Amino acid sequence: MMRAKGSRRLVSALLLLVAGMTVGGCASVGVKPWDRDILARPGMTPGDDVITSSLDEHIYFSKEASTGGLGSGGGGCGCN
Amino acid sequence: MTVQVQRRPDGWLAAFTAMASPCEVLLDVDDRDEAASLGELAAAEAARIERHLSRYRDDNIIHAINHAAGRPVLVDDETAGLLDFADQCWRLSEGRFDVTSGVLRRVWRFDGSDRVPSRAAVKELLPLVGWDKVSWARPSLTLPVGMEIDLGGLGKEYAVDRAAQLVSMRTRAAVLVNFGGDLRALGARRDGRPWRVGVESPDAAAAALDLELAQGALATSGDARRFLLKNGVRYPHILNPRTGWPVLDAPRSVTVLADACTEAGLLATLAMLQGRMARGFLAEQGVKYWVLD
Amino acid sequence: MAATERKPGGLRLALAAACGVLGVAGAPAHATEVSTGALVYAEPGRVKAFELLADGTHEFASGNIGTFRLVFDALTGASANGAVPAKNAQTFTSPSGGSGYTTAAGETPLDTTFKDTRFAGSGGLTFPWGRLTKATVGAYGSFESDYTSLGINGALSRDLFQRNTTITVRGSHFADSVSPMGGAPVPFAEMPAPTPGEHDDKAALEDDGEGSSESKGVTDLGVGLTQVLTRRTLLALNYTGTNVTGYQTDPYKILSVVDGTTGDPVAGTGTPEMFRYESRPDKRSKHVAAAELIQNLGRDIMTLSYRWYEDDWGIKSRTTEVTYRLNFQPTRYVQPNLRWYHQGAADFYRRYLVQGQALPEFASADYRLGEMDAVSVGMKYGTKLKSGNDLTMRLEYYKQTGNHAPNDAIGNLRDLDLYPTVDAWIANVGLTFGKQ
């Protein structure tokens, strides 16, 4: 029960954060389309290096009990 | 508008006149009719943009903006895009590139004479120059009374990019669009060879530029015939909108190779505005360039 | 006046971006981009793995984007089987039957017969749905001699606020089937004695009436948000809930049964030591939330990420990762990375079973379900080759530590390492073709 509550709290906190940011999106947060030069540079996109991140994910998937996160959540395998 | 189609060793050439420049579209196709229809497409686009952006007409958006007498004008998407772009260029150049600087032409006429305007005459116009005085909130533009905008400084390069894109949407063949020396190449030809591009030098004594280009764009800023000469001082036609005076140490011309013609054109113009710092400025941008002093 | 980007070439990048907005962007991004990678993973004295990977993206003239990924990997070497070390040598049965293997006195029992190869492939198609929404559908398949996973996935993402915000909703379902060598053991059944001379003896296990194949279903549902905070800062948030039903026991993992006073292994039926197969619940629900912040620092880029994980097996974990991309030249960088991982044990994790005590409902001695800390330290180098392709090389060290000597260890087990440290070296190279 404790755990279930804990994760529910986590989810609501995240949702609040998301809501706050998207509302803020209209005003101060964000940039004009033509100010995206820096954001367009290599290294500024999550999951930029698909090769390294998917190899890493596979290793951690095999060695640890937690899976998933920012990646798209890969498929299953029986690897140790 | 007449489009003339001729056979060339490297394909078909469609030629026409637009924006007071000789315009060419080179096409790596076999069929004359196909070349003609693609050439007409490019010519029609050039004519459309000229009609749309010319400040010499009284039936377009530029006229509406420049005669709004302080009232806001709602502009179309294309003009809005160009204004956004101009806004960005103004900020990137710290005010050196300014689409409101056209009013300075009332006192500056670069006709090769010695008629340099008085300091007072220039100073009188400066309140009418400055993009920061304009209120631009897409799609609404409000100019203070007496101010004008001129998108002609972007128009030809923009037309090259647009025409090249329109043509490339209709054909998979390699295309070279060249409007008066500002050009863009889309793809190597079927034999694998790039386009051979010659750009005439503004100075008859200097060698013309001759290079090979498969993908990319070339634009030149500078016109050696447009200047004033007084007491041994040469006043080139590059005006600093912040002072209202020419950039005296600007190179004769700057040619830049970039991905898009609009980009190359802006880089060339911004380099000219840097005066003798033009080379350093271009080197910092990591582009290929040719500067003629 | 807005700040002007002072970095060399920054103005050009800004102009190029502005040209993109104007709709006259330069050379279009290459329609096809393929990345390939190779990895060597080695735990000295234990597992070695080799992996090859190819990942491709193709943009069709229609605007649809197709992706594919192919993976091959091979694993060999020894892996901890779950049994505790003992002061005497111990003998184990190989999963495939046969003559079994022996672990020396005081050593952590490792299954030395561990060997597998895997092929996996996936494909996807992303297509625009209106001006601001994109939809993705995809399929996945992974094949090993004893494990098959087939999956489908879908996602919808929408850009908001001048594309400063992207919200993604995604889901996937995987149907896995496990066909363990020698059949799936009955939970807590005693590991039978080795049968010398027979290399394909499944009889001992199949006699128990269990089918040789088990299945598992994994359903993921997630939401993600990517937010541009400033011209230099990007934040990505993600939540994924996962529900797993079906067979989740590791058919090759066992638990030692030890004497309640001495801590020594007790004798089994016809074997000098008794080992029981592990047993895990057939339901698991997981919650993962992750945040990643990417900050441009002028020349360099720093990335911070944090991940919360909890599941109803009682496992909680926290992961923190920092990378720093040092762009020492316009087309070259080094990128050190640091990762800290902590996980708490599963409720049913226990290091061994005690003779005479009632069997729990579930139990596993799989070290991956125990409490552990892991640290990764790595360094990546990236460069653009003369050909225009991107090359990356990386070396990483990974170290996993747990509780070597639990307070409640019994008798002689107090003198033995009950959670050996795992060290691993990871080296990989990646080559991307066709990127601008």
# chains A, B, ... in the order shown; residues from 1 in each chain; ligands from 1
call {"tool": "residues_around", "arguments": {"residues": "A:Leu55", "least_positions_apart": "6", "cutoff": "9 Å", "atoms": "only C-alpha atoms", "output": "PyMOL selection string"}}
result
chain C and resi 37-39+51+53+428
call {"tool": "interface_residues", "arguments": {"of": "chain B", "to": "chain A", "cutoff": "10 Å", "atoms": "only C-alpha atoms", "output": "list of chain:residue names"}}
result
B:Asp84, B:Phe85, B:Asp87, B:Gln88
call {"tool": "closest_atom_pairs", "arguments": {"of": "chain B", "to": "chain C", "cutoff": "10 Å", "atoms": "only C-alpha atoms", "output": "tab-separated table"}}
result
residue	atom	partner	partner_atom	distance
B:Asp77	CA	C:Leu22	CA	9.9
B:Glu78	CA	C:Leu22	CA	8.1
B:Thr79	CA	C:Leu22	CA	9.7
B:Ala80	CA	C:Leu22	CA	9.1
B:Gly81	CA	C:Leu22	CA	5.4
B:Leu82	CA	C:Leu22	CA	6.6
B:Leu83	CA	C:Leu22	CA	9.5
B:Asp84	CA	C:Leu22	CA	8.1
B:Phe85	CA	C:Ala18	CA	6.0
B:Ala86	CA	C:Ala18	CA	9.3
B:Asp87	CA	C:Ala18	CA	10.0
B:Gln88	CA	C:Ala18	CA	7.3
B:Cys89	CA	C:Leu15	CA	7.4
B:Trp90	CA	C:Met1	CA	9.6
B:Arg91	CA	C:Ala2	CA	6.5
B:Leu92	CA	C:Thr4	CA	5.7
B:Ser93	CA	C:Thr4	CA	8.1
B:Glu94	CA	C:Thr4	CA	7.5
B:Gly95	CA	C:Met1	CA	9.0
B:Asp132	CA	C:Met1	CA	8.7
B:Glu157	CA	C:Val24	CA	9.8
B:Tyr158	CA	C:Val24	CA	7.4
B:Ala159	CA	C:Val24	CA	9.5
B:Val160	CA	C:Val24	CA	9.3
B:Asp161	CA	C:Val24	CA	5.7
B:Arg162	CA	C:Val24	CA	6.5
B:Ala163	CA	C:Val24	CA	9.9
B:Ala164	CA	C:Val24	CA	9.3
B:Gln165	CA	C:Val24	CA	7.7
B:Met169	CA	C:Ala61	CA	9.7
B:Arg184	CA	C:Gly26	CA	9.4
B:Ala185	CA	C:Ala27	CA	9.3
B:Leu186	CA	C:Ala27	CA	7.8
B:Gly187	CA	C:Ala27	CA	9.3
B:Gln215	CA	C:Ala27	CA	6.8
B:Gly216	CA	C:Ala27	CA	6.5
B:Ala217	CA	C:Gly26	CA	8.1
B:Ala258	CA	C:Gly26	CA	7.7
B:Asp259	CA	C:Gly26	CA	4.1
B:Ala260	CA	C:Gly26	CA	4.1
B:Cys261	CA	C:Gly26	CA	7.9
B:Thr262	CA	C:Cys19	CA	7.0
B:Glu263	CA	C:Leu15	CA	6.1
B:Ala264	CA	C:Leu15	CA	9.2
B:Leu266	CA	C:Leu15	CA	8.1
B:Leu267	CA	C:Arg12	CA	7.5
B:Phe281	CA	C:Pro8	CA	8.9
B:Leu282	CA	C:Gly9	CA	8.8
B:Ala283	CA	C:Gly9	CA	8.5
B:Glu284	CA	C:Pro8	CA	4.9
B:Gln285	CA	C:Gly9	CA	3.8
B:Gly286	CA	C:Gly9	CA	5.9
B:Val287	CA	C:Arg12	CA	8.4
call {"tool": "select_by_dssp", "arguments": {"residues": "stretch 100-342 of chain C", "states": "alpha helix (DSSP H)", "output": "PyMOL selection string"}}
result
chain C and resi 203-206
call {"tool": "interface_residues", "arguments": {"of": "chain C", "to": "chain A", "cutoff": "6 Å", "atoms": "only C-alpha atoms", "output": "PyMOL selection string"}}
result
chain C and resi 13-14+17-18+37+147+149+164+228-231+238+288+290+368-369
call {"tool": "residues_around", "arguments": {"residues": "stretch 377-379 of chain C", "least_positions_apart": "2", "cutoff": "7 Å", "atoms": "only C-alpha atoms", "output": "PDB file with C-alpha atoms, in the first residue's frame"}}
result
ATOM      1  CA  VAL C 334      35.019  14.261 -25.697  1.00  0.00           C
ATOM      2  CA  GLN C 335      32.195  13.370 -23.389  1.00  0.00           C
ATOM      3  CA  PRO C 336      32.821  11.991 -19.931  1.00  0.00           C
ATOM      4  CA  ASN C 337      29.825  10.393 -18.257  1.00  0.00           C
ATOM      5  CA  LEU C 338      29.091   9.338 -14.714  1.00  0.00           C
ATOM      6  CA  ARG C 339      26.164   7.238 -13.568  1.00  0.00           C
ATOM      7  CA  VAL C 375      28.655   3.137 -10.749  1.00  0.00           C
ATOM      8  CA  TYR C 381      35.049  10.624 -28.207  1.00  0.00           C
ATOM      9  CA  ARG C 394      33.566   4.933 -26.001  1.00  0.00           C
ATOM     10  CA  LEU C 395      35.141   3.128 -23.112  1.00  0.00           C
ATOM     11  CA  GLU C 396      33.220   2.584 -19.907  1.00  0.00           C
ATOM     12  CA  TYR C 397      33.849   0.897 -16.594  1.00  0.00           C
ATOM     13  CA  TYR C 398      30.928  -0.482 -14.632  1.00  0.00           C
TER      14      TYR C 398
END
call {"tool": "residues_around", "arguments": {"residues": "stretch 108-125 of chain B", "least_positions_apart": "2", "cutoff": "12 Å", "atoms": "only C-alpha atoms", "output": "JSON, numbers by chain"}}
result
{"B": [100, 101, 102, 103, 104, 105, 106, 127, 128, 129, 130, 146, 147, 148, 223, 224, 225, 226, 227, 228, 229, 230, 231, 232, 233, 234, 235, 236, 237, 238, 239, 240, 241, 242, 243, 244, 245, 246]}
call {"tool": "residues_around", "arguments": {"residues": "C:Ala135", "least_positions_apart": "6", "cutoff": "7 Å", "atoms": "only C-alpha atoms", "output": "list in words"}}
result
Thr126, Phe127, Pro128, Trp129, Ala155, Leu156 and Ser157 of chain C
call {"tool": "atom_distance", "arguments": {"atom1": "atom CA of C:Phe119", "atom2": "atom CA of C:Met393"}}
result
23.4 Å
call {"tool": "select_by_dssp", "arguments": {"residues": "stretch 210-261 of chain B", "states": "strand (DSSP E or B)", "output": "VMD selection string"}}
result
chain B and resid 210 to 213 215 to 221 227 to 230 233 to 236 239 to 240 245 to 246 253 to 258
call {"tool": "write_last_selection", "arguments": {"atoms": "N, CA and C atoms", "output": "short mmCIF file (atom, residue, chain, number, x, y, z; two decimals), in the first residue's frame"}}
result
data_model
loop_
_atom_site.label_atom_id
_atom_site.label_comp_id
_atom_site.auth_asym_id
_atom_site.auth_seq_id
_atom_site.Cartn_x
_atom_site.Cartn_y
_atom_site.Cartn_z
N ASP B 210 34.97 30.88 -60.95
CA ASP B 210 34.64 29.68 -61.72
C ASP B 210 34.72 28.50 -60.78
N LEU B 211 33.56 27.91 -60.47
CA LEU B 211 33.64 26.78 -59.55
C LEU B 211 32.61 25.72 -59.90
N GLU B 212 32.76 24.59 -59.25
CA GLU B 212 31.84 23.48 -59.49
C GLU B 212 30.96 23.31 -58.28
N LEU B 213 29.69 23.08 -58.54
CA LEU B 213 28.72 23.09 -57.45
C LEU B 213 27.65 22.03 -57.73
N GLN B 215 25.51 20.94 -54.91
CA GLN B 215 24.44 21.23 -53.95
C GLN B 215 24.86 22.47 -53.18
N GLY B 216 24.01 23.46 -53.12
CA GLY B 216 24.37 24.65 -52.36
C GLY B 216 23.98 25.90 -53.11
N ALA B 217 24.34 27.01 -52.54
CA ALA B 217 23.92 28.28 -53.11
C ALA B 217 25.04 29.30 -53.01
N LEU B 218 25.01 30.23 -53.95
CA LEU B 218 26.05 31.24 -54.04
C LEU B 218 25.34 32.58 -54.16
N ALA B 219 25.79 33.56 -53.39
CA ALA B 219 25.20 34.89 -53.55
C ALA B 219 26.29 35.93 -53.40
N THR B 220 26.10 37.03 -54.10
CA THR B 220 27.10 38.10 -54.12
C THR B 220 26.47 39.39 -53.65
N SER B 221 27.18 40.10 -52.82
CA SER B 221 26.74 41.43 -52.41
C SER B 221 27.81 42.41 -52.86
N PHE B 227 28.42 53.86 -56.51
CA PHE B 227 29.24 54.53 -55.50
C PHE B 227 29.18 56.05 -55.74
N LEU B 228 29.71 56.79 -54.81
CA LEU B 228 29.93 58.23 -55.00
C LEU B 228 31.41 58.46 -54.79
N LEU B 229 31.94 59.49 -55.43
CA LEU B 229 33.35 59.78 -55.28
C LEU B 229 33.50 61.28 -55.06
N LYS B 230 34.02 61.64 -53.89
CA LYS B 230 34.16 63.07 -53.61
C LYS B 230 35.47 63.30 -52.87
N VAL B 233 37.52 60.45 -51.87
CA VAL B 233 36.94 59.43 -51.00
C VAL B 233 35.84 58.71 -51.76
N ARG B 234 35.92 57.38 -51.71
CA ARG B 234 34.92 56.57 -52.40
C ARG B 234 33.84 56.18 -51.39
N TYR B 235 32.60 56.48 -51.75
CA TYR B 235 31.47 56.12 -50.88
C TYR B 235 30.70 54.96 -51.51
N PRO B 236 30.93 53.72 -51.05
CA PRO B 236 30.20 52.60 -51.65
C PRO B 236 28.74 52.62 -51.21
N LEU B 239 25.13 51.11 -46.83
CA LEU B 239 24.82 52.11 -45.80
C LEU B 239 24.67 51.45 -44.43
N ASN B 240 25.27 52.10 -43.44
CA ASN B 240 25.07 51.66 -42.07
C ASN B 240 23.82 52.36 -41.54
N TRP B 245 25.35 56.62 -42.85
CA TRP B 245 26.48 56.84 -43.77
C TRP B 245 27.01 55.52 -44.32
N PRO B 246 27.65 55.59 -45.51
CA PRO B 246 28.19 54.35 -46.10
C PRO B 246 29.30 53.75 -45.22
N SER B 253 33.11 43.69 -53.24
CA SER B 253 32.06 42.67 -53.30
C SER B 253 32.45 41.48 -52.45
N VAL B 254 31.42 40.79 -52.00
CA VAL B 254 31.60 39.57 -51.21
C VAL B 254 30.70 38.51 -51.83
N THR B 255 31.28 37.34 -52.06
CA THR B 255 30.50 36.21 -52.56
C THR B 255 30.60 35.10 -51.53
N VAL B 256 29.46 34.51 -51.20
CA VAL B 256 29.44 33.48 -50.16
C VAL B 256 28.78 32.22 -50.70
N LEU B 257 29.35 31.09 -50.32
CA LEU B 257 28.76 29.79 -50.65
C LEU B 257 28.12 29.24 -49.38
N ALA B 258 26.82 28.95 -49.45
CA ALA B 258 26.12 28.41 -48.27
C ALA B 258 25.09 27.40 -48.75
#
call {"tool": "residues_around", "arguments": {"residues": "B:Asp30", "least_positions_apart": "5", "cutoff": "12 Å", "atoms": "only C-alpha atoms", "output": "ChimeraX atom specification"}}
result
/B:6-13,35-36,173-174,189-190
call {"tool": "write_last_selection", "arguments": {"atoms": "C-alpha atoms", "output": "compact mmCIF listing (two decimals), in the first residue's frame"}}
result
# COMPACT_ATOMS: atom_id res chain seq x y z
CA GLN B 6 18.05 26.64 -75.60
CA ARG B 7 20.08 23.45 -75.82
CA ARG B 8 23.27 23.52 -73.80
CA PRO B 9 26.02 20.90 -73.59
CA ASP B 10 24.97 20.18 -70.01
CA GLY B 11 21.18 20.18 -70.48
CA TRP B 12 18.48 22.68 -71.34
CA LEU B 13 18.63 26.32 -70.44
CA ALA B 35 12.57 22.02 -69.69
CA ALA B 36 10.27 24.73 -71.00
CA ALA B 173 16.51 16.03 -62.37
CA ALA B 174 19.39 18.23 -61.25
CA ARG B 189 23.76 15.83 -62.88
CA ARG B 190 23.05 12.31 -64.12
call {"tool": "decode", "arguments": {"residues": "stretch 22-116 of chain B", "atoms": "C-alpha atoms", "output": "compact mmCIF listing (two decimals), in the first residue's frame"}}
result
# COMPACT_ATOMS: atom_id res chain seq x y z
CA PRO B 22 18.98 38.06 -66.48
CA CYS B 23 17.63 34.82 -65.04
CA GLU B 24 18.55 31.29 -66.00
CA VAL B 25 17.37 27.84 -65.08
CA LEU B 26 19.62 24.99 -66.16
CA LEU B 27 17.96 21.61 -66.23
CA ASP B 28 19.50 18.17 -66.61
CA VAL B 29 16.57 16.79 -68.60
CA ASP B 30 16.33 15.42 -72.14
CA ASP B 31 12.94 16.70 -73.16
CA ARG B 32 12.67 20.26 -74.42
CA ASP B 33 9.03 20.61 -73.43
CA GLU B 34 9.76 19.48 -69.91
CA ALA B 35 12.57 22.02 -69.69
CA ALA B 36 10.27 24.73 -71.00
CA SER B 37 7.51 23.99 -68.50
CA LEU B 38 9.96 23.88 -65.59
CA GLY B 39 11.55 27.11 -66.79
CA GLU B 40 8.14 28.75 -66.96
CA LEU B 41 7.41 27.60 -63.44
CA ALA B 42 10.57 29.29 -62.18
CA ALA B 43 9.86 32.42 -64.22
CA ALA B 44 6.31 32.64 -62.88
CA GLU B 45 7.55 32.31 -59.30
CA ALA B 46 10.17 35.01 -59.84
CA ALA B 47 7.52 37.31 -61.30
CA ARG B 48 5.12 36.56 -58.45
CA ILE B 49 7.71 37.40 -55.79
CA GLU B 50 8.71 40.54 -57.67
CA ARG B 51 5.09 41.69 -57.81
CA HIS B 52 4.59 40.78 -54.19
CA LEU B 53 7.67 42.49 -52.75
CA SER B 54 8.44 45.33 -55.15
CA ARG B 55 8.38 48.79 -53.62
CA TYR B 56 7.71 50.32 -57.03
CA ARG B 57 4.16 49.02 -57.28
CA ASP B 58 1.01 50.41 -55.77
CA ASP B 59 -0.98 47.18 -55.62
CA ASN B 60 0.98 45.02 -53.21
CA ILE B 61 1.55 44.49 -49.51
CA ILE B 62 4.70 46.61 -49.42
CA HIS B 63 2.75 49.56 -50.77
CA ALA B 64 0.00 48.96 -48.21
CA ILE B 65 2.54 48.86 -45.39
CA ASN B 66 4.44 51.93 -46.55
CA HIS B 67 1.25 53.96 -46.96
CA ALA B 68 -0.57 52.90 -43.83
CA ALA B 69 0.08 56.26 -42.15
CA GLY B 70 0.75 54.78 -38.72
CA ARG B 71 -2.08 52.25 -38.82
CA PRO B 72 -1.43 48.53 -38.28
CA VAL B 73 -1.41 46.35 -41.40
CA LEU B 74 -2.22 42.65 -41.34
CA VAL B 75 0.23 40.87 -43.59
CA ASP B 76 0.04 37.53 -45.38
CA ASP B 77 1.97 34.46 -44.25
CA GLU B 78 4.77 34.82 -46.77
CA THR B 79 5.43 38.45 -45.91
CA ALA B 80 5.21 37.59 -42.22
CA GLY B 81 7.85 34.92 -42.73
CA LEU B 82 10.12 37.42 -44.42
CA LEU B 83 9.53 39.98 -41.67
CA ASP B 84 10.37 37.39 -39.02
CA PHE B 85 13.51 36.65 -40.98
CA ALA B 86 14.36 40.34 -41.28
CA ASP B 87 13.77 40.73 -37.55
CA GLN B 88 16.17 37.90 -36.86
CA CYS B 89 18.79 39.36 -39.21
CA TRP B 90 18.45 42.76 -37.57
CA ARG B 91 19.13 41.23 -34.18
CA LEU B 92 21.95 38.99 -35.36
CA SER B 93 23.67 41.93 -37.04
CA GLU B 94 23.13 44.21 -34.04
CA GLY B 95 21.07 46.55 -36.16
CA ARG B 96 23.33 46.67 -39.21
CA PHE B 97 20.82 44.85 -41.40
CA ASP B 98 17.66 46.89 -41.33
CA VAL B 99 14.73 46.68 -43.76
CA THR B 100 13.68 50.23 -42.82
CA SER B 101 16.90 51.80 -44.11
CA GLY B 102 15.48 52.36 -47.61
CA VAL B 103 14.40 55.93 -46.80
CA LEU B 104 18.09 56.88 -46.77
CA ARG B 105 17.96 56.53 -50.56
CA ARG B 106 16.11 59.86 -50.58
CA VAL B 107 19.46 61.55 -49.97
CA TRP B 108 21.91 58.86 -51.10
CA ARG B 109 21.95 58.26 -54.85
CA PHE B 110 24.95 56.13 -55.79
CA ASP B 111 25.21 57.23 -59.38
CA GLY B 112 28.97 57.62 -59.67
CA SER B 113 28.76 61.39 -59.07
CA ASP B 114 30.17 63.44 -56.18
CA ARG B 115 26.75 64.37 -54.72
CA VAL B 116 27.42 63.33 -51.14
